[in-house]
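Novice: My structure is in input-v3.cif, and what it holds is mmCIF, C-alpha atoms:
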```cif
data_structure
loop_
_atom_site.label_atom_id
_atom_site.label_comp_id
_atom_site.auth_asym_id
_atom_site.auth_seq_id
_atom_site.Cartn_x
_atom_site.Cartn_y
_atom_site.Cartn_z
CA MET A 353 0.00 0.00 0.00
CA LYS A 354 2.81 2.43 0.84
CA VAL A 355 4.47 1.75 -2.50
CA SER A 356 1.34 2.31 -4.56
CA GLY A 357 0.51 5.41 -2.49
CA SER A 358 3.96 6.81 -3.10
CA LEU A 359 3.69 6.12 -6.82
CA GLU A 360 0.29 7.79 -6.99
CA LYS A 361 1.65 10.90 -5.24
CA ALA A 362 4.55 11.00 -7.69
CA LYS A 363 2.14 10.82 -10.64
CA ILE A 364 0.01 13.65 -9.21
CA TYR A 365 3.15 15.71 -8.60
CA ILE A 366 4.31 15.16 -12.19
CA GLU A 367 0.88 16.00 -13.64
CA ARG A 368 0.66 19.23 -11.63
CA HIS A 369 4.16 20.38 -12.53
CA SER A 370 3.91 19.33 -16.17
CA GLN A 371 1.31 22.08 -16.57
CA GLU A 372 3.91 24.68 -15.59
CA SER A 373 6.72 26.04 -17.74
CA ASP A 374 10.16 24.69 -16.85
CA VAL A 375 11.33 28.21 -16.04
CA SER A 376 9.15 30.44 -13.87
CA HIS A 377 10.77 33.51 -12.36
CA ASN A 378 7.76 34.26 -10.17
CA LYS A 379 7.31 30.83 -8.60
CA GLN A 380 9.10 29.98 -5.37
CA ILE A 381 10.99 26.69 -5.50
CA GLY A 382 10.46 24.62 -2.37
CA PRO A 383 12.99 22.30 -0.72
CA CYS A 384 14.33 19.14 -2.30
CA ILE A 385 15.63 16.43 0.05
CA THR A 386 18.04 13.80 -1.24
CA ILE A 387 18.49 10.60 0.73
CA SER A 388 21.54 8.38 0.37
CA ARG A 389 21.16 5.15 2.29
CA GLN A 390 22.56 1.80 3.28
CA ALA A 391 20.28 -1.09 2.34
CA GLY A 392 17.67 -1.69 5.02
CA ALA A 393 18.23 1.62 6.84
CA GLY A 394 14.57 2.58 6.43
CA SER A 395 14.70 5.26 3.74
CA GLY A 396 11.27 4.56 2.23
CA ILE A 397 9.17 4.76 5.36
CA ILE A 398 11.22 7.69 6.67
CA ALA A 399 10.58 9.59 3.44
CA GLU A 400 6.83 8.98 3.79
CA LYS A 401 6.84 10.28 7.35
CA LEU A 402 8.90 13.29 6.31
CA ILE A 403 6.18 14.39 3.92
CA ASP A 404 3.58 13.93 6.67
CA LEU A 405 5.61 16.30 8.86
CA LEU A 406 6.65 18.87 6.26
CA LYS A 407 3.51 19.40 4.20
CA PRO A 408 1.22 20.63 7.04
CA ASN A 409 3.87 23.16 8.07
CA SER A 410 4.60 24.41 4.57
CA LYS A 411 3.57 27.87 3.40
CA LEU A 412 3.25 26.20 0.01
CA SER A 413 0.71 23.76 1.43
CA LYS A 414 -1.21 23.58 -1.86
CA GLU A 415 1.88 22.27 -3.61
CA GLU A 416 2.16 18.52 -4.03
CA TRP A 417 5.05 16.64 -2.38
CA ALA A 418 6.39 13.43 -3.90
CA ILE A 419 9.01 10.74 -3.32
CA PHE A 420 11.13 9.57 -6.24
CA ASP A 421 12.83 6.22 -5.71
CA LYS A 422 12.18 3.33 -8.08
CA ASN A 423 9.47 5.39 -9.79
CA LEU A 424 12.24 7.76 -10.88
CA ILE A 425 13.08 5.26 -13.62
CA GLU A 426 9.53 5.56 -14.97
CA LYS A 427 9.92 9.32 -15.01
CA VAL A 428 13.21 9.09 -16.94
CA ILE A 429 11.62 6.77 -19.52
CA GLU A 430 8.62 9.09 -19.85
CA ASP A 431 10.71 12.29 -20.08
CA HIS A 432 12.95 10.98 -22.82
CA LYS A 433 10.42 8.75 -24.62
CA LEU A 434 12.51 5.62 -24.09
CA PRO A 435 11.31 2.02 -24.53
CA LYS A 436 9.86 0.70 -21.26
CA GLN A 437 12.04 -2.42 -21.41
CA LEU A 438 15.02 -0.19 -20.64
CA ALA A 439 13.95 -0.09 -17.00
CA LYS A 440 15.91 -3.26 -16.27
CA PHE A 441 19.13 -1.59 -17.39
CA MET A 442 18.68 1.52 -15.26
CA GLY A 443 19.14 0.31 -11.69
CA GLU A 444 22.15 1.02 -9.52
CA SER A 445 23.90 -1.83 -11.29
CA GLU A 446 27.23 -3.37 -10.32
CA GLU A 447 28.00 -4.52 -13.90
CA PRO A 448 27.81 -1.40 -16.07
CA PHE A 449 30.87 -2.26 -18.14
CA LEU A 450 29.53 -5.62 -19.35
CA LEU A 451 26.15 -4.14 -20.23
CA GLN A 452 27.85 -1.20 -21.90
CA VAL A 453 29.81 -3.55 -24.17
CA MET A 454 26.68 -5.58 -24.99
CA ASN A 455 24.56 -2.62 -25.95
CA GLU A 456 27.35 -1.00 -27.97
CA VAL A 457 27.99 -4.24 -29.89
CA PHE A 458 24.38 -5.30 -30.47
CA GLY A 459 22.72 -1.90 -30.51
CA ILE A 460 19.87 -3.16 -28.35
CA HIS A 461 19.38 0.07 -26.42
CA PRO A 462 21.12 3.42 -25.91
CA PRO A 463 24.58 3.26 -24.29
CA LEU A 464 24.36 3.27 -20.51
CA ILE A 465 26.27 6.53 -20.27
CA LYS A 466 23.43 8.17 -22.23
CA LEU A 467 20.85 6.62 -19.91
CA GLN A 468 22.74 8.01 -16.92
CA ARG A 469 22.84 11.43 -18.55
CA LYS A 470 19.08 11.32 -19.07
CA THR A 471 18.59 10.24 -15.44
CA THR A 472 20.71 13.19 -14.33
CA GLU A 473 18.59 15.57 -16.42
CA THR A 474 15.40 14.21 -14.88
CA ILE A 475 16.74 14.44 -11.32
CA LEU A 476 17.72 18.07 -11.90
CA ARG A 477 14.30 18.84 -13.39
CA ILE A 478 12.54 17.33 -10.36
CA ALA A 479 14.87 19.05 -7.87
CA ASN A 480 14.28 22.39 -9.56
CA LYS A 481 10.54 21.97 -9.02
CA GLY A 482 11.07 21.50 -5.26
CA ASN A 483 8.84 19.88 -2.61
CA CYS A 484 10.31 16.48 -3.36
CA ILE A 485 12.40 13.69 -1.86
CA ILE A 486 14.80 11.85 -4.15
CA ILE A 487 16.20 8.56 -2.86
CA GLY A 488 19.45 7.15 -4.19
CA ARG A 489 21.00 7.36 -7.68
CA GLY A 490 23.65 9.84 -6.51
CA ALA A 491 21.07 12.62 -6.33
CA ASN A 492 23.08 14.46 -3.67
CA PHE A 493 26.05 14.71 -6.06
CA ILE A 494 23.90 15.70 -9.03
CA THR A 495 22.15 18.47 -7.08
CA SER A 496 25.09 19.56 -4.92
CA TYR A 497 25.12 23.07 -6.40
CA LEU A 498 21.38 23.72 -6.02
CA LYS A 499 20.50 26.07 -3.16
CA ASN A 500 17.16 24.42 -2.38
CA CYS A 501 18.57 20.94 -1.65
CA PHE A 502 19.17 19.24 1.70
CA HIS A 503 21.25 16.07 1.68
CA VAL A 504 20.73 13.20 4.14
CA ARG A 505 22.63 9.94 4.65
CA LEU A 506 20.96 7.06 6.52
CA VAL A 507 23.07 4.30 8.05
CA ALA A 508 22.44 1.52 10.57
CA PRO A 509 24.19 -1.54 12.06
CA THR A 510 24.28 -4.48 9.66
CA ASP A 511 22.32 -6.80 11.97
CA LEU A 512 19.46 -4.32 12.21
CA ARG A 513 19.39 -3.73 8.47
CA ILE A 514 19.24 -7.49 7.86
CA LYS A 515 16.34 -7.73 10.31
CA ASN A 516 14.52 -4.84 8.61
CA VAL A 517 14.91 -6.40 5.16
CA GLN A 518 13.78 -9.79 6.44
CA GLU A 519 10.64 -8.29 7.97
CA PHE A 520 9.81 -5.99 5.04
CA TYR A 521 10.24 -8.54 2.24
CA GLY A 522 9.43 -11.70 4.20
CA ASN A 523 12.84 -13.15 3.30
CA THR A 524 14.79 -15.85 5.07
CA LYS A 525 17.67 -14.51 7.15
CA GLN A 526 20.21 -15.71 4.58
CA ASP A 527 18.29 -14.05 1.74
CA ALA A 528 18.23 -10.83 3.75
CA ILE A 529 21.98 -11.05 4.41
CA ASP A 530 22.65 -11.62 0.72
CA PHE A 531 20.36 -8.73 -0.23
CA VAL A 532 21.99 -6.24 2.15
CA ASN A 533 25.52 -7.20 1.09
CA SER A 534 24.63 -7.12 -2.62
CA GLU A 535 22.75 -3.81 -2.48
CA ASP A 536 25.46 -2.06 -0.48
CA LYS A 537 28.07 -3.26 -2.94
CA LYS A 538 26.03 -2.17 -5.98
CA ARG A 539 25.23 1.26 -4.58
CA ASN A 540 28.79 2.01 -3.51
CA LYS A 541 30.13 0.86 -6.86
CA PHE A 542 27.52 2.92 -8.72
CA ILE A 543 28.58 6.10 -6.90
CA ASP A 544 32.26 5.35 -7.34
CA GLU A 545 31.97 4.65 -11.08
CA HIS A 546 29.63 7.53 -11.96
CA TYR A 547 30.76 10.25 -9.56
CA HIS A 548 34.18 9.05 -8.33
CA LYS A 549 33.10 9.66 -4.74
CA ASP A 550 32.82 7.65 -1.54
CA ALA A 551 29.12 7.54 -0.65
CA SER A 552 29.96 6.97 3.04
CA ASN A 553 31.94 10.21 3.40
CA PRO A 554 29.87 12.47 5.74
CA ILE A 555 31.26 15.62 4.14
CA PHE A 556 28.79 15.16 1.27
CA TYR A 557 25.71 15.46 3.51
CA ASP A 558 23.97 18.09 5.61
CA LEU A 559 22.96 15.36 8.02
CA THR A 560 23.97 11.73 8.67
CA ILE A 561 21.73 9.65 10.94
CA ASN A 562 22.19 6.18 12.43
CA THR A 563 18.67 4.75 12.34
CA GLY A 564 19.83 1.99 14.66
CA LEU A 565 19.92 4.53 17.49
CA LEU A 566 16.68 6.34 16.68
CA SER A 567 13.15 5.28 15.83
CA ILE A 568 11.63 5.96 12.42
CA ASP A 569 9.54 8.76 13.93
CA GLU A 570 12.53 10.30 15.71
CA THR A 571 14.61 10.17 12.53
CA ALA A 572 11.89 11.81 10.45
CA SER A 573 11.37 14.46 13.14
CA ILE A 574 15.08 15.36 13.23
CA ILE A 575 15.32 15.64 9.44
CA SER A 576 12.12 17.68 9.15
CA SER A 577 13.27 20.06 11.90
CA ALA A 578 16.60 20.57 10.15
CA VAL A 579 14.91 21.16 6.78
CA MET A 580 12.42 23.63 8.25
CA THR A 581 15.25 25.48 10.00
CA LYS A 582 17.44 25.70 6.91
CA PHE A 583 14.55 26.69 4.62
CA SER A 584 12.54 28.64 7.18
CA LYS A 585 11.02 31.00 4.58
CA PHE A 586 8.96 28.08 3.26
CA PHE A 587 7.53 27.01 6.64
CA PHE A 588 5.39 28.40 9.45
#
```
Produce structure tokens that represent the structure in this file.
Specialist:
Amino acid sequence: MKVSGSLEKAKIYIERHSQESDVSHNKQIGPCITISRQAGAGSGIIAEKLIDLLKPNSKLSKEEWAIFDKNLIEKVIEDHKLPKQLAKFMGESEEPFLLQVMNEVFGIHPPLIKLQRKTTETILRIANKGNCIIIGRGANFITSYLKNCFHVRLVAPTDLRIKNVQEFYGNTKQDAIDFVNSEDKKRNKFIDEHYHKDASNPIFYDLTINTGLLSIDETASIISSAVMTKFSKFFF
């Protein structure tokens, strides 16, 4: 239910903003929050709670808020009129070189570097609309120069992350261990290969939180308070 609700909010957000011109000198641009995360650190549910805390306190309360995570891929495909089957090539993959060689040789789909460029363009377009949360895909590096962005990193002890994944997906413990290890490896490699950065370096974030020491509600409350303080002109 949370996933479908998040997707529906993203679609409403896109529909509302698609009616506006890309450049509006009169419109205020609300905050954009990027979330970098370790697998199983709770980014999805924290993002949902963040919107619940921020929207009622926003002076732009009529503006839609949306979360872009996996649905970001759909937005990229829609923006650039790409074949829908490309979605499987656009994750935070750990084997970009092999896929790059395959698509260059066989011409099955655009080179991955072009797909990444299109993803970057879409992330910037969303961030420049404001009132959004973008999870993963190096969004903090892509938007690092934008004044309306707030960058968060979520971490947690491995044992807790394994437990969270096991409960969320209904996996066996071994499946959850494999998932956490694989996802962390993929995400770190993705950031290293595309941005030549270390995703774990706290210097790249406004705020780093260990969700193993705080509840979901406490984490969301801390982030929302920091965002409302930094961008006070947008909040009551």
Novice: Within 10 Å of (17.4, 8.2, 0.2) in the file's own coordinates, which protein, DNA or RNA residues have an atom, counting only C-alpha atoms? List them as number ranges by chain.
Specialist: A: 385-391, 393-396, 398-399, 419-421, 485-492, 503-506
Novice: Atom CA of Ile555 of chain A to atom CA of Tyr497 of chain A: how many Å, to one decimal?
Specialist: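 Between these atoms lies a distance of 14.3 Å.
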Novice: In Å to one decimal, how far is atom CA of Lys537 of chain A from atom CA of Asn516 of chain A?
Specialist: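 Computing the Euclidean distance for atom CA of Asn516 of chain A and atom CA of Lys537 of chain A yields 17.9 Å.
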Novice: Counting all atoms listed in the file, what is within 12 Å of Ala578 of chain A, bar same-chain residues fewer than 4 positions away, as a short mmCIF file (atom, residue, chain, number, x, y, z; two decimals) with C-alpha atoms, in the coordinates of the input?
Specialist:
```
data_model
loop_
_atom_site.label_atom_id
_atom_site.label_comp_id
_atom_site.auth_asym_id
_atom_site.auth_seq_id
_atom_site.Cartn_x
_atom_site.Cartn_y
_atom_site.Cartn_z
CA PRO A 383 12.99 22.30 -0.72
CA ILE A 385 15.63 16.43 0.05
CA LEU A 402 8.90 13.29 6.31
CA LEU A 405 5.61 16.30 8.86
CA LEU A 406 6.65 18.87 6.26
CA CYS A 501 18.57 20.94 -1.65
CA PHE A 502 19.17 19.24 1.70
CA HIS A 503 21.25 16.07 1.68
CA VAL A 504 20.73 13.20 4.14
CA ASP A 558 23.97 18.09 5.61
CA LEU A 559 22.96 15.36 8.02
CA THR A 560 23.97 11.73 8.67
CA THR A 571 14.61 10.17 12.53
CA ALA A 572 11.89 11.81 10.45
CA SER A 573 11.37 14.46 13.14
CA ILE A 574 15.08 15.36 13.23
CA LYS A 582 17.44 25.70 6.91
CA PHE A 583 14.55 26.69 4.62
CA SER A 584 12.54 28.64 7.18
CA PHE A 587 7.53 27.01 6.64
#
```
Novice: Could you tell me how far atom CA of Val507 of chain A sits from atom CA of Pro554 of chain A, in Å to one decimal place?
Specialist: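 Interatomic distance, atom CA of Pro554 of chain A to atom CA of Val507 of chain A: 10.9 Å.
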Novice: So which residues get picked by the PyMOL selection byres ((chain A and resi 416) around 7) here, written as a ChimeraX atom specification?
Specialist: /A:365,414-415,417-418,483
Novice: Find the spatial neighbours of Ser410 of chain A, counting all atoms listed in the file, within a cut-off of 9 Å - ignore same-chain residues fewer than 6 positions away - and output them as a ChimeraX atom specification.
Specialist: /A:580,586-588
Novice: Go through A:Arg477, A:Tyr547, A:Gln526, A:Lys361 one by one, measure the shortest atom-to-atom distance of each to Glu400 of chain A using only C-alpha atoms, and give the residue with the smallest value.
Specialist: A:Lys361
Novice: List as JSON, numbers by chain the protein and nucleic acid residues near Lys515 of chain A, meaning an atom at most 10 Å away when all atoms listed in the file are counted, but skip any in the same chain fewer than 6 places from it.
Specialist: {"A": [392, 523, 524, 525, 528, 529]}
Novice: Using only C-alpha atoms, can you tell me which of A:Lys466, A:Ile575, A:Gly522, A:Asn480 comes closest to Lys401 of chain A?
Specialist: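 Among the listed residues, A:Ile575 lies closest to Lys401 of chain A.
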Novice: Give the answer as one residue: which of A:Cys384, A:Leu565, A:Leu412, A:Leu498 has the shortest atom-to-atom distance to Cys484 of chain A, using all atoms listed in the file?
Specialist: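 Among the listed residues, A:Cys384 lies closest to Cys484 of chain A.
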Novice: With the input short on atoms, add N, CA, C and O atoms back to segment 504-515 of chain A and write it as a PDB file, in the frame of the given file.
Specialist:
```pdb
ATOM      1  N   VAL A 504      20.772  14.071   2.961  1.00  0.00           N
ATOM      2  CA  VAL A 504      20.730  13.200   4.140  1.00  0.00           C
ATOM      3  C   VAL A 504      21.374  11.853   3.804  1.00  0.00           C
ATOM      4  O   VAL A 504      21.202  11.329   2.698  1.00  0.00           O
ATOM      5  N   ARG A 505      22.082  11.298   4.764  1.00  0.00           N
ATOM      6  CA  ARG A 505      22.630   9.940   4.650  1.00  0.00           C
ATOM      7  C   ARG A 505      22.097   9.119   5.803  1.00  0.00           C
ATOM      8  O   ARG A 505      22.188   9.526   6.968  1.00  0.00           O
ATOM      9  N   LEU A 506      21.499   7.967   5.499  1.00  0.00           N
ATOM     10  CA  LEU A 506      20.960   7.060   6.520  1.00  0.00           C
ATOM     11  C   LEU A 506      21.824   5.810   6.605  1.00  0.00           C
ATOM     12  O   LEU A 506      22.072   5.145   5.593  1.00  0.00           O
ATOM     13  N   VAL A 507      22.268   5.493   7.813  1.00  0.00           N
ATOM     14  CA  VAL A 507      23.070   4.300   8.050  1.00  0.00           C
ATOM     15  C   VAL A 507      22.472   3.546   9.251  1.00  0.00           C
ATOM     16  O   VAL A 507      21.647   4.090   9.984  1.00  0.00           O
ATOM     17  N   ALA A 508      22.889   2.311   9.423  1.00  0.00           N
ATOM     18  CA  ALA A 508      22.440   1.520  10.570  1.00  0.00           C
ATOM     19  C   ALA A 508      23.338   0.298  10.696  1.00  0.00           C
ATOM     20  O   ALA A 508      23.982  -0.115   9.720  1.00  0.00           O
ATOM     21  N   PRO A 509      23.408  -0.314  11.893  1.00  0.00           N
ATOM     22  CA  PRO A 509      24.190  -1.540  12.060  1.00  0.00           C
ATOM     23  C   PRO A 509      23.704  -2.636  11.112  1.00  0.00           C
ATOM     24  O   PRO A 509      22.510  -2.726  10.825  1.00  0.00           O
ATOM     25  N   THR A 510      24.617  -3.443  10.640  1.00  0.00           N
ATOM     26  CA  THR A 510      24.280  -4.480   9.660  1.00  0.00           C
ATOM     27  C   THR A 510      23.201  -5.431  10.172  1.00  0.00           C
ATOM     28  O   THR A 510      22.269  -5.780   9.441  1.00  0.00           O
ATOM     29  N   ASP A 511      23.307  -5.859  11.423  1.00  0.00           N
ATOM     30  CA  ASP A 511      22.320  -6.800  11.970  1.00  0.00           C
ATOM     31  C   ASP A 511      20.912  -6.233  11.925  1.00  0.00           C
ATOM     32  O   ASP A 511      19.948  -6.947  11.603  1.00  0.00           O
ATOM     33  N   LEU A 512      20.786  -4.954  12.232  1.00  0.00           N
ATOM     34  CA  LEU A 512      19.460  -4.320  12.210  1.00  0.00           C
ATOM     35  C   LEU A 512      18.949  -4.208  10.778  1.00  0.00           C
ATOM     36  O   LEU A 512      17.773  -4.449  10.506  1.00  0.00           O
ATOM     37  N   ARG A 513      19.811  -3.874   9.866  1.00  0.00           N
ATOM     38  CA  ARG A 513      19.390  -3.730   8.470  1.00  0.00           C
ATOM     39  C   ARG A 513      18.947  -5.075   7.906  1.00  0.00           C
ATOM     40  O   ARG A 513      17.984  -5.159   7.146  1.00  0.00           O
ATOM     41  N   ILE A 514      19.640  -6.136   8.275  1.00  0.00           N
ATOM     42  CA  ILE A 514      19.240  -7.490   7.860  1.00  0.00           C
ATOM     43  C   ILE A 514      17.854  -7.818   8.412  1.00  0.00           C
ATOM     44  O   ILE A 514      16.986  -8.340   7.704  1.00  0.00           O
ATOM     45  N   LYS A 515      17.639  -7.487   9.679  1.00  0.00           N
ATOM     46  CA  LYS A 515      16.340  -7.730  10.310  1.00  0.00           C
ATOM     47  C   LYS A 515      15.236  -6.927   9.608  1.00  0.00           C
ATOM     48  O   LYS A 515      14.146  -7.457   9.361  1.00  0.00           O
TER      49      LYS A 515
END
```
